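Structure data (CSV, C-alpha atoms) from my_file.csv:
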chain,number,residue,atom,x,y,z
A,1,MET,CA,76.7,0.6,-12.7
A,2,SER,CA,75.3,-1.8,-15.3
A,3,THR,CA,73.7,-0.7,-18.6
A,4,SER,CA,70.4,-2.2,-19.8
A,5,ASN,CA,70.7,-4.2,-23.0
A,6,GLN,CA,67.0,-4.2,-23.7
A,7,PRO,CA,65.9,-2.6,-27.0
A,8,SER,CA,64.2,0.7,-26.7
A,9,SER,CA,60.5,0.6,-27.5
A,10,PRO,CA,59.1,2.8,-30.3
A,11,GLU,CA,57.6,6.1,-29.2
A,12,GLU,CA,53.9,5.9,-28.6
A,13,PRO,CA,52.0,8.2,-31.0
A,14,ASN,CA,50.6,11.2,-29.2
A,15,ASN,CA,47.0,12.1,-29.3
A,16,ALA,CA,47.3,14.7,-32.0
A,17,THR,CA,49.0,12.2,-34.3
A,18,THR,CA,46.4,9.5,-33.6
A,19,GLN,CA,43.6,11.9,-34.3
A,20,GLN,CA,45.2,13.1,-37.5
A,21,ALA,CA,45.6,9.5,-38.7
A,22,SER,CA,41.9,8.8,-37.8
A,23,LEU,CA,40.8,11.8,-39.8
A,24,GLN,CA,42.9,10.8,-42.8
A,25,ARG,CA,41.5,7.3,-42.7
A,26,LYS,CA,37.9,8.6,-42.5
A,27,ALA,CA,38.5,11.0,-45.4
A,28,LEU,CA,40.0,8.2,-47.6
A,29,MET,CA,37.2,5.9,-46.7
A,30,GLU,CA,34.7,8.5,-47.8
A,31,TYR,CA,36.4,8.6,-51.2
A,32,ILE,CA,36.5,4.9,-51.5
A,33,MET,CA,32.8,4.5,-50.7
A,34,GLY,CA,31.8,7.5,-52.7
A,35,PHE,CA,29.9,5.3,-55.2
A,36,ARG,CA,27.2,4.9,-52.6
A,37,ALA,CA,26.3,8.6,-52.5
A,38,THR,CA,26.4,8.9,-56.3
A,39,GLN,CA,23.8,6.0,-56.7
A,40,ILE,CA,21.7,7.1,-53.8
A,41,ILE,CA,21.3,10.6,-55.2
A,42,ALA,CA,20.8,9.3,-58.7
A,43,VAL,CA,18.0,7.0,-57.7
A,44,ALA,CA,16.4,9.8,-55.7
A,45,ALA,CA,16.6,12.1,-58.7
A,46,ARG,CA,15.2,9.4,-61.1
A,47,LEU,CA,12.2,8.9,-58.7
A,48,ASN,CA,11.8,12.7,-58.5
A,49,LEU,CA,11.6,12.5,-54.7
A,50,ALA,CA,12.6,16.2,-54.3
A,51,GLY,CA,9.8,17.2,-56.6
A,52,HIS,CA,7.3,15.2,-54.6
A,53,LEU,CA,8.7,16.7,-51.3
A,54,GLU,CA,8.7,20.3,-52.7
A,55,GLU,CA,5.1,20.8,-51.6
A,56,GLY,CA,5.6,19.5,-48.1
A,57,ALA,CA,6.8,16.6,-45.9
A,58,LYS,CA,5.7,13.1,-46.7
A,59,THR,CA,6.1,9.5,-45.4
A,60,ALA,CA,7.9,6.8,-47.4
A,61,VAL,CA,4.5,5.2,-48.0
A,62,GLN,CA,3.1,8.4,-49.5
A,63,LEU,CA,6.1,8.9,-51.7
A,64,SER,CA,5.9,5.3,-52.8
A,65,GLN,CA,2.4,6.0,-54.1
A,66,LEU,CA,3.5,9.2,-55.8
A,67,THR,CA,6.5,7.8,-57.7
A,68,HIS,CA,4.3,5.8,-60.2
A,69,THR,CA,6.9,3.0,-60.0
A,70,HIS,CA,7.0,-0.3,-58.2
A,71,THR,CA,9.0,1.1,-55.2
A,72,HIS,CA,9.0,-1.0,-52.1
A,73,PRO,CA,7.8,1.3,-49.2
A,74,GLN,CA,10.3,-0.1,-46.6
A,75,ALA,CA,13.2,0.0,-49.1
A,76,LEU,CA,12.2,3.5,-50.0
A,77,TYR,CA,12.2,4.4,-46.3
A,78,ARG,CA,15.8,3.1,-46.1
A,79,LEU,CA,16.8,5.2,-49.1
A,80,LEU,CA,15.3,8.3,-47.5
A,81,ARG,CA,17.1,7.6,-44.3
A,82,ALA,CA,20.4,7.4,-46.3
A,83,LEU,CA,19.5,10.7,-48.0
A,84,ALA,CA,18.9,12.3,-44.6
A,85,ASN,CA,22.4,11.1,-43.7
A,86,LEU,CA,23.7,12.9,-46.8
A,87,GLY,CA,21.8,16.1,-45.9
A,88,ILE,CA,19.4,15.8,-48.9
A,89,VAL,CA,16.3,15.4,-46.8
A,90,GLU,CA,15.5,15.7,-43.1
A,91,ALA,CA,13.8,12.9,-41.0
A,92,ASN,CA,11.0,14.2,-38.8
A,93,GLN,CA,9.5,12.8,-35.6
A,94,ASP,CA,6.3,11.8,-37.3
A,95,ASP,CA,8.1,9.5,-39.8
A,96,THR,CA,7.8,12.0,-42.6
A,97,PHE,CA,10.7,13.5,-44.5
A,98,SER,CA,11.3,17.1,-45.5
A,99,LEU,CA,13.4,18.6,-48.2
A,100,THR,CA,16.6,20.5,-47.2
A,101,ALA,CA,18.1,23.4,-49.0
A,102,THR,CA,20.7,21.0,-50.6
A,103,GLY,CA,17.9,18.6,-51.6
A,104,ASN,CA,16.0,21.5,-53.2
A,105,LEU,CA,18.7,21.5,-55.9
A,106,LEU,CA,17.3,18.2,-57.1
A,107,CYS,CA,14.0,19.8,-57.9
A,108,GLN,CA,13.5,20.3,-61.6
A,109,THR,CA,11.9,23.7,-61.0
A,110,THR,CA,14.9,25.1,-59.1
A,111,SER,CA,17.2,27.5,-60.9
A,112,GLY,CA,20.5,25.6,-61.4
A,113,SER,CA,18.8,22.3,-60.7
A,114,LEU,CA,21.2,19.3,-60.6
A,115,ARG,CA,18.6,16.7,-61.1
A,116,ASN,CA,19.5,15.8,-64.6
A,117,VAL,CA,23.2,15.8,-63.8
A,118,ALA,CA,22.5,13.4,-60.9
A,119,ILE,CA,20.5,11.1,-63.2
A,120,LEU,CA,23.3,11.0,-65.8
A,121,TYR,CA,26.0,10.0,-63.4
A,122,GLY,CA,23.9,7.1,-62.1
A,123,GLU,CA,23.3,5.6,-65.6
A,124,GLU,CA,24.4,2.0,-66.1
A,125,TRP,CA,26.0,2.6,-69.5
A,126,LEU,CA,28.2,5.3,-67.9
A,127,TRP,CA,29.2,3.1,-64.9
A,128,LYS,CA,30.2,0.3,-67.2
A,129,ALA,CA,32.7,2.5,-68.9
A,130,TYR,CA,34.1,3.9,-65.6
A,131,ALA,CA,34.5,0.3,-64.3
A,132,GLN,CA,37.2,0.0,-67.0
A,133,LEU,CA,39.3,3.0,-66.0
A,134,SER,CA,42.2,0.7,-65.6
A,135,TYR,CA,42.0,0.0,-69.4
A,136,SER,CA,42.3,3.8,-70.1
A,137,ILE,CA,45.3,4.1,-67.8
A,138,GLU,CA,47.0,1.1,-69.3
A,139,GLU,CA,46.2,1.9,-73.0
A,140,GLY,CA,45.9,5.7,-72.9
A,141,ASP,CA,42.5,5.3,-74.7
A,142,GLN,CA,38.9,5.8,-73.9
A,143,ALA,CA,37.3,3.0,-71.9
A,144,PHE,CA,33.8,3.8,-73.3
A,145,GLU,CA,34.6,2.5,-76.8
A,146,PHE,CA,36.4,-0.5,-75.3
A,147,VAL,CA,33.2,-1.4,-73.3
A,148,HIS,CA,30.4,-0.4,-75.8
A,149,GLY,CA,32.2,-1.0,-79.1
A,150,GLN,CA,31.6,2.5,-80.3
A,151,SER,CA,32.3,6.1,-79.3
A,152,MET,CA,30.1,7.8,-76.7
A,153,TYR,CA,28.6,10.1,-79.3
A,154,ALA,CA,27.8,7.2,-81.7
A,155,TYR,CA,26.2,5.4,-78.7
A,156,LEU,CA,24.1,8.5,-77.8
A,157,GLN,CA,22.9,8.7,-81.4
A,158,GLN,CA,21.9,5.0,-81.5
A,159,TYR,CA,20.2,4.9,-78.1
A,160,ALA,CA,17.7,7.8,-77.9
A,161,GLN,CA,17.0,7.5,-74.2
A,162,ALA,CA,20.6,7.7,-73.3
A,163,GLY,CA,21.0,10.6,-75.7
A,164,GLU,CA,18.1,12.4,-74.0
A,165,VAL,CA,19.5,11.9,-70.5
A,166,PHE,CA,22.9,13.1,-71.7
A,167,ASN,CA,21.6,16.3,-73.4
A,168,LYS,CA,19.4,17.2,-70.4
A,169,ALA,CA,22.5,16.8,-68.1
A,170,MET,CA,24.6,19.0,-70.4
A,171,SER,CA,21.9,21.7,-70.3
A,172,GLY,CA,22.0,21.3,-66.5
A,173,PHE,CA,25.7,22.1,-66.6
A,174,SER,CA,25.1,25.1,-68.8
A,175,HIS,CA,22.4,26.4,-66.5
A,176,MET,CA,24.9,26.2,-63.6
A,177,GLU,CA,27.6,28.0,-65.5
A,178,SER,CA,25.7,30.5,-67.6
A,179,ALA,CA,25.3,33.2,-64.9
A,180,ALA,CA,29.0,33.0,-64.1
A,181,ILE,CA,29.8,33.4,-67.8
A,182,THR,CA,27.4,36.3,-68.2
A,183,LYS,CA,29.1,38.2,-65.3
A,184,ALA,CA,32.6,37.4,-66.5
A,185,TYR,CA,32.4,38.6,-70.1
A,186,ASN,CA,31.0,41.9,-71.6
A,187,PHE,CA,28.7,41.0,-74.6
A,188,SER,CA,27.5,44.6,-75.1
A,189,SER,CA,29.3,45.2,-78.4
A,190,ALA,CA,28.2,41.9,-80.0
A,191,HIS,CA,25.0,41.4,-82.1
A,192,THR,CA,25.0,37.7,-83.0
A,193,LEU,CA,26.3,34.7,-81.1
A,194,VAL,CA,27.1,31.4,-82.7
A,195,ASP,CA,27.1,28.6,-80.2
A,196,ILE,CA,29.1,25.7,-81.8
A,197,GLY,CA,27.9,22.4,-80.4
A,198,GLY,CA,25.3,24.4,-78.4
A,199,GLY,CA,23.1,21.4,-77.6
A,200,GLN,CA,19.6,22.4,-76.4
A,201,GLY,CA,20.5,26.1,-76.3
A,202,ALA,CA,20.7,26.5,-72.6
A,203,LEU,CA,23.7,28.8,-72.6
A,204,VAL,CA,22.5,31.2,-75.3
A,205,SER,CA,19.0,31.3,-73.8
A,206,PHE,CA,20.5,32.7,-70.6
A,207,LEU,CA,22.9,35.1,-72.5
A,208,LEU,CA,20.0,36.4,-74.6
A,209,LYS,CA,17.9,37.0,-71.5
A,210,ALA,CA,20.7,39.0,-69.9
A,211,ASN,CA,21.4,40.8,-73.2
A,212,PRO,CA,18.2,41.8,-75.0
A,213,HIS,CA,20.1,43.2,-78.0
A,214,LEU,CA,21.6,39.8,-78.9
A,215,SER,CA,20.4,37.1,-81.3
A,216,ALA,CA,22.0,33.7,-81.6
A,217,ILE,CA,22.6,30.7,-83.7
A,218,VAL,CA,22.7,27.3,-82.0
A,219,PHE,CA,24.7,24.8,-84.2
A,220,ASP,CA,24.6,21.1,-83.4
A,221,LEU,CA,23.8,17.7,-84.9
A,222,PRO,CA,20.5,17.3,-86.8
A,223,GLU,CA,18.9,15.0,-84.1
A,224,VAL,CA,19.7,17.6,-81.4
A,225,VAL,CA,18.6,20.6,-83.4
A,226,GLY,CA,15.3,19.0,-84.6
A,227,THR,CA,14.2,18.6,-81.0
A,228,ASN,CA,15.1,22.1,-80.0
A,229,ALA,CA,13.4,23.8,-83.0
A,230,ALA,CA,10.1,22.0,-82.1
A,231,ASN,CA,10.0,23.4,-78.6
A,232,LEU,CA,10.3,27.2,-79.1
A,233,THR,CA,8.3,29.0,-76.4
A,234,SER,CA,10.0,32.0,-74.7
A,235,THR,CA,10.8,35.4,-76.1
A,236,GLU,CA,14.5,34.4,-76.0
A,237,ASP,CA,13.7,31.3,-78.1
A,238,LEU,CA,12.3,33.5,-80.9
A,239,ARG,CA,15.8,35.2,-81.2
A,240,ILE,CA,17.5,31.8,-81.6
A,241,ALA,CA,18.0,30.1,-85.0
A,242,TYR,CA,18.8,26.4,-84.8
A,243,VAL,CA,21.1,25.2,-87.5
A,244,SER,CA,22.1,21.6,-88.0
A,245,GLY,CA,25.5,20.4,-89.2
A,246,ASP,CA,28.9,18.9,-88.4
A,247,PHE,CA,31.6,21.2,-86.9
A,248,PHE,CA,34.2,18.9,-88.4
A,249,LYS,CA,33.0,20.1,-91.9
A,250,GLU,CA,31.8,23.7,-91.4
A,251,VAL,CA,30.2,26.1,-89.0
A,252,PRO,CA,27.7,28.9,-89.6
A,253,ALA,CA,28.8,32.3,-90.8
A,254,ALA,CA,27.9,35.9,-89.7
A,255,GLY,CA,28.6,35.8,-86.0
A,256,ASP,CA,30.3,38.4,-83.8
A,257,ILE,CA,31.1,36.0,-81.1
A,258,TYR,CA,31.6,32.2,-81.6
A,259,LEU,CA,31.2,30.1,-78.5
A,260,LEU,CA,32.9,26.7,-77.9
A,261,LYS,CA,31.7,25.7,-74.5
A,262,SER,CA,32.7,22.2,-73.2
A,263,VAL,CA,33.5,21.1,-76.8
A,264,LEU,CA,37.3,21.0,-77.2
A,265,HIS,CA,37.8,18.9,-74.0
A,266,ASN,CA,35.9,16.0,-75.8
A,267,TRP,CA,38.6,15.7,-78.5
A,268,ASP,CA,42.3,15.0,-79.0
A,269,ASP,CA,44.6,17.7,-80.3
A,270,GLU,CA,44.2,16.9,-84.0
A,271,SER,CA,40.4,17.0,-83.8
A,272,CYS,CA,40.5,20.3,-81.8
A,273,ILE,CA,42.7,21.9,-84.5
A,274,SER,CA,40.2,20.7,-87.2
A,275,ILE,CA,37.3,22.4,-85.3
A,276,LEU,CA,39.2,25.6,-84.7
A,277,HIS,CA,40.3,25.7,-88.4
A,278,ASN,CA,36.6,25.5,-89.4
A,279,CYS,CA,35.7,28.3,-87.0
A,280,ARG,CA,38.5,30.5,-88.4
A,281,LYS,CA,37.5,29.9,-92.0
A,282,THR,CA,34.0,31.2,-91.2
A,283,MET,CA,34.6,34.0,-88.7
A,284,PRO,CA,34.6,37.6,-89.8
A,285,SER,CA,37.9,39.4,-89.0
A,286,HIS,CA,36.4,41.4,-86.1
A,287,ALA,CA,34.8,38.4,-84.5
A,288,ARG,CA,35.9,36.8,-81.2
A,289,LEU,CA,36.1,33.1,-80.3
A,290,LEU,CA,35.3,32.3,-76.7
A,291,ILE,CA,36.5,28.9,-75.6
A,292,ILE,CA,34.8,28.0,-72.3
A,293,GLU,CA,36.4,25.1,-70.5
A,294,ARG,CA,37.9,23.9,-67.2
A,295,ILE,CA,41.5,25.0,-67.0
A,296,ILE,CA,44.0,22.8,-65.2
A,297,PRO,CA,46.2,24.9,-62.9
A,298,ASP,CA,49.9,24.3,-62.3
A,299,GLY,CA,51.4,22.3,-59.5
A,300,ASN,CA,49.4,20.9,-56.5
A,301,GLU,CA,46.6,23.4,-56.5
A,302,THR,CA,43.3,21.5,-55.9
A,303,SER,CA,41.0,21.7,-58.9
A,304,GLU,CA,37.9,20.0,-60.1
A,305,ALA,CA,39.4,20.1,-63.6
A,306,LYS,CA,42.0,17.5,-62.6
A,307,LEU,CA,39.2,15.1,-61.7
A,308,PHE,CA,37.0,16.0,-64.7
A,309,ASP,CA,40.1,15.2,-66.9
A,310,ILE,CA,39.7,11.6,-65.9
A,311,ASN,CA,36.1,11.7,-67.0
A,312,MET,CA,37.2,12.8,-70.4
A,313,LEU,CA,39.8,10.1,-70.6
A,314,VAL,CA,37.3,7.4,-69.9
A,315,MET,CA,34.3,8.7,-71.8
A,316,THR,CA,35.6,10.4,-74.9
A,317,GLY,CA,39.4,10.1,-75.1
A,318,GLY,CA,39.5,13.9,-74.7
A,319,GLN,CA,41.2,15.9,-72.0
A,320,GLU,CA,41.1,19.0,-69.9
A,321,ARG,CA,44.2,21.2,-70.6
A,322,ILE,CA,46.5,23.8,-69.1
A,323,VAL,CA,46.5,27.3,-70.6
A,324,GLU,CA,49.7,26.6,-72.6
A,325,GLU,CA,48.2,23.6,-74.2
A,326,TYR,CA,45.3,25.7,-75.4
A,327,ARG,CA,47.7,28.4,-76.6
A,328,ASN,CA,49.6,25.8,-78.7
A,329,LEU,CA,46.3,24.6,-80.3
A,330,LEU,CA,45.3,28.1,-81.1
A,331,ASP,CA,48.6,29.0,-82.6
A,332,VAL,CA,48.4,26.0,-85.0
A,333,ALA,CA,44.8,26.9,-86.0
A,334,GLY,CA,45.6,30.6,-86.6
A,335,PHE,CA,44.2,32.2,-83.5
A,336,LYS,CA,45.8,34.4,-80.8
A,337,LEU,CA,44.9,34.0,-77.2
A,338,LEU,CA,43.9,37.5,-75.9
A,339,ASN,CA,42.7,36.9,-72.4
A,340,VAL,CA,41.9,34.1,-69.9
A,341,LEU,CA,39.0,35.1,-67.7
A,342,PRO,CA,38.1,33.1,-64.6
A,343,THR,CA,34.5,32.8,-63.6
A,344,SER,CA,32.8,32.0,-60.4
A,345,SER,CA,32.0,28.5,-61.8
A,346,PRO,CA,34.5,25.7,-62.6
A,347,VAL,CA,35.0,27.0,-66.2
A,348,SER,CA,37.1,29.8,-67.5
A,349,ILE,CA,36.8,31.9,-70.7
A,350,LEU,CA,39.6,32.0,-73.2
A,351,GLU,CA,39.0,35.0,-75.5
A,352,CYS,CA,40.7,34.6,-78.9
A,353,SER,CA,41.0,36.5,-82.2
A,354,LYS,CA,42.1,35.5,-85.6
A,355,THR,CA,45.7,36.1,-86.4
A,356,VAL,CA,46.4,38.2,-89.5

Take the structure in this file and express it as structure tokens.
Amino acid sequence: MSTSNQPSSPEEPNNATTQQASLQRKALMEYIMGFRATQIIAVAARLNLAGHLEEGAKTAVQLSQLTHTHTHPQALYRLLRALANLGIVEANQDDTFSLTATGNLLCQTTSGSLRNVAILYGEEWLWKAYAQLSYSIEEGDQAFEFVHGQSMYAYLQQYAQAGEVFNKAMSGFSHMESAAITKAYNFSSAHTLVDIGGGQGALVSFLLKANPHLSAIVFDLPEVVGTNAANLTSTEDLRIAYVSGDFFKEVPAAGDIYLLKSVLHNWDDESCISILHNCRKTMPSHARLLIIERIIPDGNETSEAKLFDINMLVMTGGQERIVEEYRNLLDVAGFKLLNVLPTSSPVSILECSKTV
């Protein structure tokens, strides 16, 4: 009996393998083409389409008339159709579009609105920096300064419109995270909060509303503080003092709790130690320092912090850190890490005290 000398053919992939490969390809393509969704949502936010749809369904022509810009009705229709594909709006049979629950988060009046965050991440000056991510990977330095010739914070001071967009977006982040921070930490024994780099005061406004016994100091650059102090309106605002200065030189005294929210991740280790030293010099012995940041988990655990870390590399030269990296910074600056408190948001609270 003869034996066949023909080579054996490779096994045909089964249906499950083929389906899995198809799903993997689709998922990767969504990542690759993710820029489309970012810009589609950013333009919708800039045009305030959600705000115009908040009162009821409208056609593209009606929305074009309401946006007070030179929007092309047919192009706007195509944008709305794409937004419907993303689940931001819903296309109706009568050629109108309605807002979905997800789209409602782009309304300025919605609690936890993401409108200002969406506008920021569609800004040309930000995209130009991200286009040079390869520079950051090759050089280990921020792409923003490579592209714009100055640091991001110097740029935001020079260009007022960019600074306004950025500050509003940071307030948007704070609004999203403030409720989670309030639930995760007990502020009942404190009297005065000092928010270092507190921006427009979004975090302390929320904390004061939830804790009527508290007052607060918001400390930031003069150009930020001047705008805030001119817009005091609510009862909580009247319990906030806005103080201008530079946290690389000194910070205000007389607080029970010092807040550093989304500050240290902007800076390299040496700069972080400088900020922490200045906090330690001013803080009373009983005071607590709360560092509120994204914490990178160990291993392969999925975490938004690992992606946000690339944002810091590109934009500021800073970084997100693991707990041990924060512990090392605190040890050098004369602090002891007492607790790491997770919240229901992407940030965690690192509670610290001064070492004796």

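Nearest to A:Thr110 of all the residues A:Asn167, A:Glu30, A:Ala50, A:Ile310 is A:Ala50, based on all atoms listed in the file.
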
Applying 8 Å and only C-alpha atoms, which residues near A:Val89 remain after dropping the ones on its own chain fewer than 5 positions away? List them as a ChimeraX atom specification. /A:80,83-84,97-100,103

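In this structure, atom CA of A:Ala162 sits 8.3 Å away from atom CA of A:Trp125.
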
What is the distance, in Å and to one decimal place, between atom CA of A:Leu86 and atom CA of A:Thr71? 20.6 Å

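With all atoms listed in the file as the atoms that count, the minimum distance from A:Val194 to the choices A:Glu164, A:Asp237, A:Asp220, A:Asp269 is reached by A:Asp220.
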
Rounded to one decimal in Å, what is the spacing between atom CA of A:Leu66 and atom CA of A:His52? 7.2 Å

Counting only C-alpha atoms, which of A:Asn339, A:Gln108, A:Ser303, A:Gln39 gets nearest to A:Glu123? A:Gln39

Mind checking which residues fall within 8 Å of A:Ile295, counting only C-alpha atoms, ignoring those fewer than 3 positions away in the same chain, and posting them as a list in words? Ala305, Glu320, Arg321, Ile322, Val323, Val347 and Ser348 of chain A

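You can rank A:Ala37, A:Ala143, A:Met176, A:Leu156 by their closest distance to A:Val117 using only C-alpha atoms, and at the top of that list sits A:Met176.
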
Shortest interatomic distance to A:Thr343 - which of A:Phe187, A:Leu259, A:Thr182, A:Ile240, counting all atoms listed in the file: A:Thr182

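Nearest-residue note for A:Ser244: choosing from A:Asp309, A:Glu124, A:Asp195, A:Asp95, the minimum distance belongs to A:Asp195, counting only C-alpha atoms.
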
What's around stretch 190-192 of chain A at 9 Å? Count all atoms listed in the file, leave out sequence neighbours fewer than 4 positions away in its own chain, and write the answer as a VMD selection string. chain A and resid 186 213 to 217 254 to 258 287
